[in-house]
Amino acid sequence: MISKFRAIENMDVKELGRCGVKVPAIGMGTWGIGGYTTRDTTHDKEAIVALRKGIELGLYLIDTAEMYGNGHCEEIVGEAIKPFPREQVFIVSKVLPEHLCYNDVIKAARGSLKRLKTNFIDLYLIHSPNSRVPLKETMGAMEKLVGDGLVRFIGVSNFDVTEMEEARNYLSTNDIVVNQVEYSLLERSIERDVLPYCIKNQITVMAYTPLAKGELARNKFLREIGEKYGKNPAQVALNWLISKENVIAIPKAINLRHVEENVGAMGWRLSKSDVESISSYFK
Ligand SMILES: NC(=O)c1ccc[n+]([C@@H]2O[C@H](COP(=O)([O-])OP(=O)(O)OC[C@H]3O[C@@H](n4cnc5c(N)ncnc54)[C@H](OP(=O)(O)O)[C@@H]3O)[C@@H](O)[C@H]2O)c1
């Protein structure tokens, strides 16, 4: 029987943008699940087990994309969420930059829905900007998807401040709720302007590659800090990210021990002084 994540103690949730819906401070990434740029079915079972485990433990936000495994990742996610009531998972997917013309956006979203075997995507993101397609046209298609009930919320990924402003200007009845960008202790360039802009405008920053591909899990300094809290370096690195008000993180983990550890990165907070010493150590 599948446990109900909403009953989990210390569930760490954050509002997504200004949309009123709360999601876990830590979700699950899926890049590499089902292949990278091509379809790979060799680890499907393992991936489904890991995703189901994560959902049960509270990591019920899953980040995928039409690009991942050339669509196979979405098929795996669709399979993984099958035993759960649809409203108990929050699915994020992304449209490729090559598919940003109006009709291509609609077609891409329909393709994702089919592979995910669902009738709506919770959050749909533009995977990265494409200067060859007018953003106005793309945002129009994104709003049409919301209007038709195929998508609940709109967001962007890898957008700078100017691109975010432009995207928001073209929306009439929605706002972007998320900018998904690379953010970790080893990649902090968004702190210059993207993060302050998102804080000011209540846009959630969804931090990708939050463990620097696992490198931060081996860090000695984070290990020392973590000892005080009974937490390991990966948990400290993730907690440092979510200690920021509008930041959530989406580590990818197929190893069940990693999934459990990432759950344990939520529900507590590093002290203010530890957040500061970690920030200056990695400056
Ligand atoms: N929008 C974009 O352009 C974009 C770009 C890159 C990534 N993303 C999204 O962000 C997600 C996360 O980024 P990422 O996959 O690049 O890198 P990541 O999450 O920083 O690192 C994933 C690696 O860390 C390992 N790991 C996970 N939890 C761990 C733990 N507790 N201890 C030790 N190692 C751990 C994983 O191992 P196992 O798998 O073996 O458990 C995997 O090798 C992606 O999967 C994708 O959904 C988006």
# chains A, B, ... in the order shown; residues from 1 in each chain; ligands from 1

call {"tool": "select_by_dssp", "arguments": {"residues": "region 24-188 of chain A", "states": "alpha helix (DSSP H)", "output": "ChimeraX atom specification"}}
result
/A:44-57,72-81,102-116,135-147,161-169

call {"tool": "residues_around", "arguments": {"residues": "Ser112 (chain A)", "least_positions_apart": "4", "cutoff": "7 Å", "atoms": "only C-alpha atoms", "output": "PyMOL selection string"}}
result
chain A and resi 66+74+108+116

call {"tool": "write_last_selection", "arguments": {"atoms": "N, CA and C atoms", "output": "PDB file, in the first residue's frame"}}
result
ATOM      1  N   GLU A  66      10.696  16.612 -22.756  1.00  0.00           N
ATOM      2  CA  GLU A  66      10.546  15.808 -23.979  1.00  0.00           C
ATOM      3  C   GLU A  66      11.913  15.377 -24.509  1.00  0.00           C
ATOM      4  N   GLU A  74       9.942  10.479 -20.171  1.00  0.00           N
ATOM      5  CA  GLU A  74       8.537  10.786 -19.836  1.00  0.00           C
ATOM      6  C   GLU A  74       7.712   9.490 -19.756  1.00  0.00           C
ATOM      7  N   ALA A 108       4.170  19.581 -29.106  1.00  0.00           N
ATOM      8  CA  ALA A 108       5.132  19.024 -28.142  1.00  0.00           C
ATOM      9  C   ALA A 108       4.426  18.683 -26.827  1.00  0.00           C
ATOM     10  N   LEU A 116       3.428  10.639 -20.940  1.00  0.00           N
ATOM     11  CA  LEU A 116       3.240  10.634 -19.478  1.00  0.00           C
ATOM     12  C   LEU A 116       1.933   9.937 -19.086  1.00  0.00           C
TER      13      LEU A 116
END

call {"tool": "residues_near_ligand", "arguments": {"ligand": "ligand 1", "cutoff": "6 Å", "atoms": "only C-alpha atoms and all ligand atoms", "output": "ChimeraX atom specification"}}
result
/A:29-31,63-64,127,157,180,208-214,217,234,250-255,258,261-262

call {"tool": "write_last_selection", "arguments": {"atoms": "N, CA and C atoms", "output": "mmCIF file, in the first residue's frame"}}
result
data_model
loop_
_atom_site.group_PDB
_atom_site.id
_atom_site.type_symbol
_atom_site.label_atom_id
_atom_site.label_comp_id
_atom_site.auth_asym_id
_atom_site.auth_seq_id
_atom_site.Cartn_x
_atom_site.Cartn_y
_atom_site.Cartn_z
ATOM 1 N N GLY A 29 14.989 15.105 -10.104
ATOM 2 C CA GLY A 29 15.410 15.306 -11.489
ATOM 3 C C GLY A 29 15.421 13.959 -12.210
ATOM 4 N N THR A 30 15.465 13.989 -13.537
ATOM 5 C CA THR A 30 15.419 12.715 -14.283
ATOM 6 C C THR A 30 16.364 12.679 -15.495
ATOM 7 N N TRP A 31 17.264 13.634 -15.599
ATOM 8 C CA TRP A 31 18.176 13.644 -16.756
ATOM 9 C C TRP A 31 19.060 12.390 -16.717
ATOM 10 N N ASP A 63 10.778 16.312 -12.233
ATOM 11 C CA ASP A 63 11.164 17.163 -13.363
ATOM 12 C C ASP A 63 11.610 16.294 -14.533
ATOM 13 N N THR A 64 10.921 16.437 -15.675
ATOM 14 C CA THR A 64 11.329 15.683 -16.863
ATOM 15 C C THR A 64 11.301 16.633 -18.060
ATOM 16 N N HIS A 127 12.406 24.980 -22.282
ATOM 17 C CA HIS A 127 13.664 24.363 -21.811
ATOM 18 C C HIS A 127 14.841 25.339 -21.850
ATOM 19 N N SER A 157 13.197 28.101 -18.355
ATOM 20 C CA SER A 157 14.428 27.501 -17.872
ATOM 21 C C SER A 157 15.593 28.126 -18.630
ATOM 22 N N GLN A 180 13.914 27.624 -14.062
ATOM 23 C CA GLN A 180 14.768 26.498 -13.678
ATOM 24 C C GLN A 180 16.170 26.772 -14.213
ATOM 25 N N TYR A 208 18.765 23.364 -10.728
ATOM 26 C CA TYR A 208 19.180 22.090 -11.350
ATOM 27 C C TYR A 208 20.672 21.851 -11.156
ATOM 28 N N THR A 209 21.047 20.577 -11.303
ATOM 29 C CA THR A 209 22.415 20.117 -10.992
ATOM 30 C C THR A 209 22.829 20.625 -9.592
ATOM 31 N N PRO A 210 21.951 20.428 -8.590
ATOM 32 C CA PRO A 210 22.199 21.010 -7.255
ATOM 33 C C PRO A 210 23.342 20.340 -6.501
ATOM 34 N N LEU A 211 23.699 19.112 -6.934
ATOM 35 C CA LEU A 211 24.801 18.423 -6.265
ATOM 36 C C LEU A 211 26.070 18.455 -7.123
ATOM 37 N N ALA A 212 26.056 19.287 -8.142
ATOM 38 C CA ALA A 212 27.177 19.350 -9.095
ATOM 39 C C ALA A 212 27.513 17.939 -9.575
ATOM 40 N N LYS A 213 26.463 17.219 -9.963
ATOM 41 C CA LYS A 213 26.576 15.851 -10.504
ATOM 42 C C LYS A 213 27.107 14.860 -9.455
ATOM 43 N N GLY A 214 26.993 15.182 -8.197
ATOM 44 C CA GLY A 214 27.452 14.262 -7.140
ATOM 45 C C GLY A 214 28.754 14.725 -6.496
ATOM 46 N N ALA A 217 28.736 15.771 -2.872
ATOM 47 C CA ALA A 217 28.518 14.706 -1.883
ATOM 48 C C ALA A 217 29.843 14.201 -1.306
ATOM 49 N N ALA A 234 25.901 15.750 0.965
ATOM 50 C CA ALA A 234 24.863 16.009 -0.050
ATOM 51 C C ALA A 234 23.670 16.699 0.607
ATOM 52 N N ILE A 250 16.179 20.078 -7.399
ATOM 53 C CA ILE A 250 15.712 18.841 -8.040
ATOM 54 C C ILE A 250 16.870 17.878 -8.329
ATOM 55 N N PRO A 251 17.497 17.331 -7.265
ATOM 56 C CA PRO A 251 18.575 16.369 -7.505
ATOM 57 C C PRO A 251 18.045 15.123 -8.221
ATOM 58 N N LYS A 252 18.875 14.557 -9.074
ATOM 59 C CA LYS A 252 18.493 13.294 -9.729
ATOM 60 C C LYS A 252 19.161 12.151 -8.962
ATOM 61 N N ALA A 253 18.396 11.102 -8.636
ATOM 62 C CA ALA A 253 18.975 9.950 -7.959
ATOM 63 C C ALA A 253 18.256 8.686 -8.377
ATOM 64 N N ILE A 254 19.030 7.707 -8.787
ATOM 65 C CA ILE A 254 18.432 6.419 -9.148
ATOM 66 C C ILE A 254 18.763 5.394 -8.057
ATOM 67 N N ASN A 255 19.825 5.675 -7.302
ATOM 68 C CA ASN A 255 20.237 4.818 -6.200
ATOM 69 C C ASN A 255 19.289 5.090 -5.009
ATOM 70 N N HIS A 258 20.488 7.159 -2.167
ATOM 71 C CA HIS A 258 20.518 8.594 -2.504
ATOM 72 C C HIS A 258 19.126 9.224 -2.394
ATOM 73 N N GLU A 261 18.422 9.773 1.197
ATOM 74 C CA GLU A 261 19.241 10.878 1.723
ATOM 75 C C GLU A 261 18.676 12.229 1.276
ATOM 76 N N ASN A 262 18.219 12.281 0.045
ATOM 77 C CA ASN A 262 17.710 13.567 -0.455
ATOM 78 C C ASN A 262 16.414 13.967 0.262
#

call {"tool": "closest_residue", "arguments": {"among": "A:Val23, A:Leu125, A:Val146, A:Ile48", "to": "Val89 (chain A)", "atoms": "only C-alpha atoms"}}
result
A:Val23

call {"tool": "select_by_dssp", "arguments": {"residues": "region 71-136 of chain A", "states": "strand (DSSP E or B)", "output": "ChimeraX atom specification"}}
result
/A:90-95,121-126

call {"tool": "closest_residue", "arguments": {"among": "A:Glu87, A:Glu143, A:Asp44, A:Glu182", "to": "Phe159 (chain A)", "atoms": "only C-alpha atoms"}}
result
A:Glu182

call {"tool": "residues_around", "arguments": {"residues": "Leu59 (chain A)", "least_positions_apart": "3", "cutoff": "7 Å", "atoms": "only C-alpha atoms", "output": "count of residues only"}}
result
7

call {"tool": "residues_around", "arguments": {"residues": "Gly32 (chain A)", "least_positions_apart": "2", "cutoff": "7 Å", "atoms": "only C-alpha atoms", "output": "PyMOL selection string"}}
result
chain A and resi 30+34-36+68-69

call {"tool": "residues_around", "arguments": {"residues": "Ser280 (chain A)", "least_positions_apart": "3", "cutoff": "12 Å", "atoms": "only C-alpha atoms", "output": "ChimeraX atom specification"}}
result
/A:185-186,188,221,273-277,283

call {"tool": "residues_around", "arguments": {"residues": "region 11-16 of chain A", "least_positions_apart": "6", "cutoff": "10 Å", "atoms": "only C-alpha atoms", "output": "list of chain:residue names"}}
result
A:Phe5, A:Lys22, A:Val23, A:Pro24, A:Ala25, A:Ile26, A:Leu57, A:Gly58, A:Leu59, A:Leu123, A:Phe153, A:Ile176, A:Val177, A:Val178, A:Gln202, A:Ile203, A:Thr204, A:Val205, A:Met206, A:Ile242, A:Glu245, A:Asn246, A:Val247, A:Ile248, A:Val263, A:Ala265, A:Met266, A:Gly267, A:Trp268

call {"tool": "write_last_selection", "arguments": {"atoms": "C-alpha atoms", "output": "short mmCIF file (atom, residue, chain, number, x, y, z; two decimals), in the first residue's frame"}}
result
data_model
loop_
_atom_site.label_atom_id
_atom_site.label_comp_id
_atom_site.auth_asym_id
_atom_site.auth_seq_id
_atom_site.Cartn_x
_atom_site.Cartn_y
_atom_site.Cartn_z
CA PHE A 5 3.08 11.75 1.55
CA LYS A 22 2.76 24.30 -2.61
CA VAL A 23 5.40 21.79 -3.73
CA PRO A 24 8.17 20.01 -1.83
CA ALA A 25 11.37 21.99 -1.34
CA ILE A 26 13.16 19.06 -2.93
CA LEU A 57 8.75 9.61 0.82
CA GLY A 58 7.65 13.09 -0.19
CA LEU A 59 9.71 14.00 -3.27
CA LEU A 123 4.18 22.93 -14.82
CA PHE A 153 1.32 26.63 -14.69
CA ILE A 176 5.77 32.60 -14.96
CA VAL A 177 6.01 30.76 -11.65
CA VAL A 178 9.48 29.25 -12.09
CA GLN A 202 8.15 36.05 -6.33
CA ILE A 203 9.30 33.62 -9.01
CA THR A 204 10.56 30.28 -7.71
CA VAL A 205 14.10 29.31 -8.64
CA MET A 206 14.23 25.59 -9.38
CA ILE A 242 16.58 25.49 0.18
CA GLU A 245 13.26 31.45 0.61
CA ASN A 246 12.28 31.00 -3.02
CA VAL A 247 14.65 28.18 -4.02
CA ILE A 248 13.72 24.55 -4.48
CA VAL A 263 14.44 13.28 1.49
CA ALA A 265 17.82 17.08 3.23
CA MET A 266 14.36 18.54 3.99
CA GLY A 267 12.50 19.22 7.22
CA TRP A 268 15.31 21.03 9.04
#

call {"tool": "closest_residue", "arguments": {"among": "A:Val161, A:Val95, A:Ile33, A:Ile225", "to": "Tyr124 (chain A)", "atoms": "only C-alpha atoms"}}
result
A:Val95

call {"tool": "residues_around", "arguments": {"residues": "Asn70 (chain A)", "least_positions_apart": "3", "cutoff": "7 Å", "atoms": "only C-alpha atoms", "output": "ChimeraX atom specification"}}
result
/A:37-39,66-67

call {"tool": "atom_distance", "arguments": {"atom1": "CA of Ala141 (chain A)", "atom2": "CA of Phe84 (chain A)"}}
result
29.6 Å

call {"tool": "closest_residue", "arguments": {"among": "A:Lys53, A:Lys200, A:Lys117, A:Lys107", "to": "Arg257 (chain A)", "atoms": "only C-alpha atoms"}}
result
A:Lys53

call {"tool": "decode", "arguments": {"residues": "region 59-88 of chain A", "atoms": "N, CA and C atoms", "output": "PDB file, in the first residue's frame"}}
result
ATOM      1  N   LEU A  59       9.107  13.263  -2.145  1.00  0.00           N
ATOM      2  CA  LEU A  59       9.710  14.000  -3.272  1.00  0.00           C
ATOM      3  C   LEU A  59       8.746  13.916  -4.452  1.00  0.00           C
ATOM      4  N   TYR A  60       7.560  14.455  -4.280  1.00  0.00           N
ATOM      5  CA  TYR A  60       6.511  14.182  -5.267  1.00  0.00           C
ATOM      6  C   TYR A  60       6.507  15.142  -6.452  1.00  0.00           C
ATOM      7  N   LEU A  61       7.503  16.034  -6.518  1.00  0.00           N
ATOM      8  CA  LEU A  61       7.660  16.858  -7.728  1.00  0.00           C
ATOM      9  C   LEU A  61       8.697  16.175  -8.604  1.00  0.00           C
ATOM     10  N   ILE A  62       8.318  15.856  -9.851  1.00  0.00           N
ATOM     11  CA  ILE A  62       9.246  15.185 -10.772  1.00  0.00           C
ATOM     12  C   ILE A  62       9.502  16.083 -11.969  1.00  0.00           C
ATOM     13  N   ASP A  63      10.778  16.312 -12.233  1.00  0.00           N
ATOM     14  CA  ASP A  63      11.164  17.163 -13.363  1.00  0.00           C
ATOM     15  C   ASP A  63      11.610  16.294 -14.533  1.00  0.00           C
ATOM     16  N   THR A  64      10.921  16.437 -15.675  1.00  0.00           N
ATOM     17  CA  THR A  64      11.329  15.683 -16.863  1.00  0.00           C
ATOM     18  C   THR A  64      11.301  16.633 -18.060  1.00  0.00           C
ATOM     19  N   ALA A  65      11.445  16.087 -19.273  1.00  0.00           N
ATOM     20  CA  ALA A  65      11.458  16.920 -20.482  1.00  0.00           C
ATOM     21  C   ALA A  65      11.276  16.028 -21.691  1.00  0.00           C
ATOM     22  N   GLU A  66      10.696  16.612 -22.756  1.00  0.00           N
ATOM     23  CA  GLU A  66      10.546  15.808 -23.979  1.00  0.00           C
ATOM     24  C   GLU A  66      11.913  15.377 -24.509  1.00  0.00           C
ATOM     25  N   MET A  67      12.935  16.166 -24.183  1.00  0.00           N
ATOM     26  CA  MET A  67      14.287  15.871 -24.673  1.00  0.00           C
ATOM     27  C   MET A  67      14.896  14.601 -24.050  1.00  0.00           C
ATOM     28  N   TYR A  68      14.586  14.356 -22.770  1.00  0.00           N
ATOM     29  CA  TYR A  68      15.284  13.315 -22.017  1.00  0.00           C
ATOM     30  C   TYR A  68      14.995  11.918 -22.586  1.00  0.00           C
ATOM     31  N   GLY A  69      16.085  11.258 -22.967  1.00  0.00           N
ATOM     32  CA  GLY A  69      15.948   9.911 -23.542  1.00  0.00           C
ATOM     33  C   GLY A  69      15.087   9.935 -24.792  1.00  0.00           C
ATOM     34  N   ASN A  70      15.086  11.098 -25.464  1.00  0.00           N
ATOM     35  CA  ASN A  70      14.253  11.279 -26.664  1.00  0.00           C
ATOM     36  C   ASN A  70      12.793  10.870 -26.400  1.00  0.00           C
ATOM     37  N   GLY A  71      12.298  11.254 -25.244  1.00  0.00           N
ATOM     38  CA  GLY A  71      10.893  10.979 -24.894  1.00  0.00           C
ATOM     39  C   GLY A  71      10.725   9.790 -23.954  1.00  0.00           C
ATOM     40  N   HIS A  72      11.718   8.923 -23.888  1.00  0.00           N
ATOM     41  CA  HIS A  72      11.542   7.725 -23.064  1.00  0.00           C
ATOM     42  C   HIS A  72      11.480   8.039 -21.569  1.00  0.00           C
ATOM     43  N   CYS A  73      12.158   9.085 -21.168  1.00  0.00           N
ATOM     44  CA  CYS A  73      12.106   9.461 -19.745  1.00  0.00           C
ATOM     45  C   CYS A  73      10.662   9.758 -19.333  1.00  0.00           C
ATOM     46  N   GLU A  74       9.942  10.479 -20.171  1.00  0.00           N
ATOM     47  CA  GLU A  74       8.537  10.786 -19.836  1.00  0.00           C
ATOM     48  C   GLU A  74       7.712   9.490 -19.756  1.00  0.00           C
ATOM     49  N   GLU A  75       8.028   8.526 -20.608  1.00  0.00           N
ATOM     50  CA  GLU A  75       7.297   7.248 -20.534  1.00  0.00           C
ATOM     51  C   GLU A  75       7.553   6.562 -19.199  1.00  0.00           C
ATOM     52  N   ILE A  76       8.791   6.630 -18.737  1.00  0.00           N
ATOM     53  CA  ILE A  76       9.135   6.014 -17.441  1.00  0.00           C
ATOM     54  C   ILE A  76       8.421   6.755 -16.302  1.00  0.00           C
ATOM     55  N   VAL A  77       8.423   8.074 -16.375  1.00  0.00           N
ATOM     56  CA  VAL A  77       7.735   8.855 -15.336  1.00  0.00           C
ATOM     57  C   VAL A  77       6.246   8.483 -15.344  1.00  0.00           C
ATOM     58  N   GLY A  78       5.658   8.369 -16.529  1.00  0.00           N
ATOM     59  CA  GLY A  78       4.242   7.996 -16.659  1.00  0.00           C
ATOM     60  C   GLY A  78       3.967   6.654 -15.982  1.00  0.00           C
ATOM     61  N   GLU A  79       4.885   5.730 -16.147  1.00  0.00           N
ATOM     62  CA  GLU A  79       4.742   4.406 -15.537  1.00  0.00           C
ATOM     63  C   GLU A  79       4.914   4.505 -14.012  1.00  0.00           C
ATOM     64  N   ALA A  80       5.885   5.295 -13.599  1.00  0.00           N
ATOM     65  CA  ALA A  80       6.185   5.411 -12.162  1.00  0.00           C
ATOM     66  C   ALA A  80       5.020   6.018 -11.381  1.00  0.00           C
ATOM     67  N   ILE A  81       4.306   6.944 -11.991  1.00  0.00           N
ATOM     68  CA  ILE A  81       3.237   7.635 -11.234  1.00  0.00           C
ATOM     69  C   ILE A  81       1.906   6.888 -11.256  1.00  0.00           C
ATOM     70  N   LYS A  82       1.844   5.831 -12.068  1.00  0.00           N
ATOM     71  CA  LYS A  82       0.587   5.082 -12.233  1.00  0.00           C
ATOM     72  C   LYS A  82      -0.115   4.697 -10.932  1.00  0.00           C
ATOM     73  N   PRO A  83       0.601   4.162  -9.928  1.00  0.00           N
ATOM     74  CA  PRO A  83      -0.120   3.733  -8.714  1.00  0.00           C
ATOM     75  C   PRO A  83      -0.612   4.877  -7.830  1.00  0.00           C
ATOM     76  N   PHE A  84      -0.214   6.090  -8.137  1.00  0.00           N
ATOM     77  CA  PHE A  84      -0.570   7.218  -7.262  1.00  0.00           C
ATOM     78  C   PHE A  84      -1.750   7.999  -7.827  1.00  0.00           C
ATOM     79  N   PRO A  85      -2.616   8.501  -6.943  1.00  0.00           N
ATOM     80  CA  PRO A  85      -3.645   9.414  -7.443  1.00  0.00           C
ATOM     81  C   PRO A  85      -2.937  10.575  -8.146  1.00  0.00           C
ATOM     82  N   ARG A  86      -3.455  10.984  -9.301  1.00  0.00           N
ATOM     83  CA  ARG A  86      -2.748  11.992 -10.107  1.00  0.00           C
ATOM     84  C   ARG A  86      -2.438  13.267  -9.326  1.00  0.00           C
ATOM     85  N   GLU A  87      -3.363  13.678  -8.428  1.00  0.00           N
ATOM     86  CA  GLU A  87      -3.140  14.941  -7.703  1.00  0.00           C
ATOM     87  C   GLU A  87      -2.056  14.801  -6.622  1.00  0.00           C
ATOM     88  N   GLN A  88      -1.574  13.579  -6.428  1.00  0.00           N
ATOM     89  CA  GLN A  88      -0.506  13.403  -5.430  1.00  0.00           C
ATOM     90  C   GLN A  88       0.890  13.565  -6.018  1.00  0.00           C
TER      91      GLN A  88
END
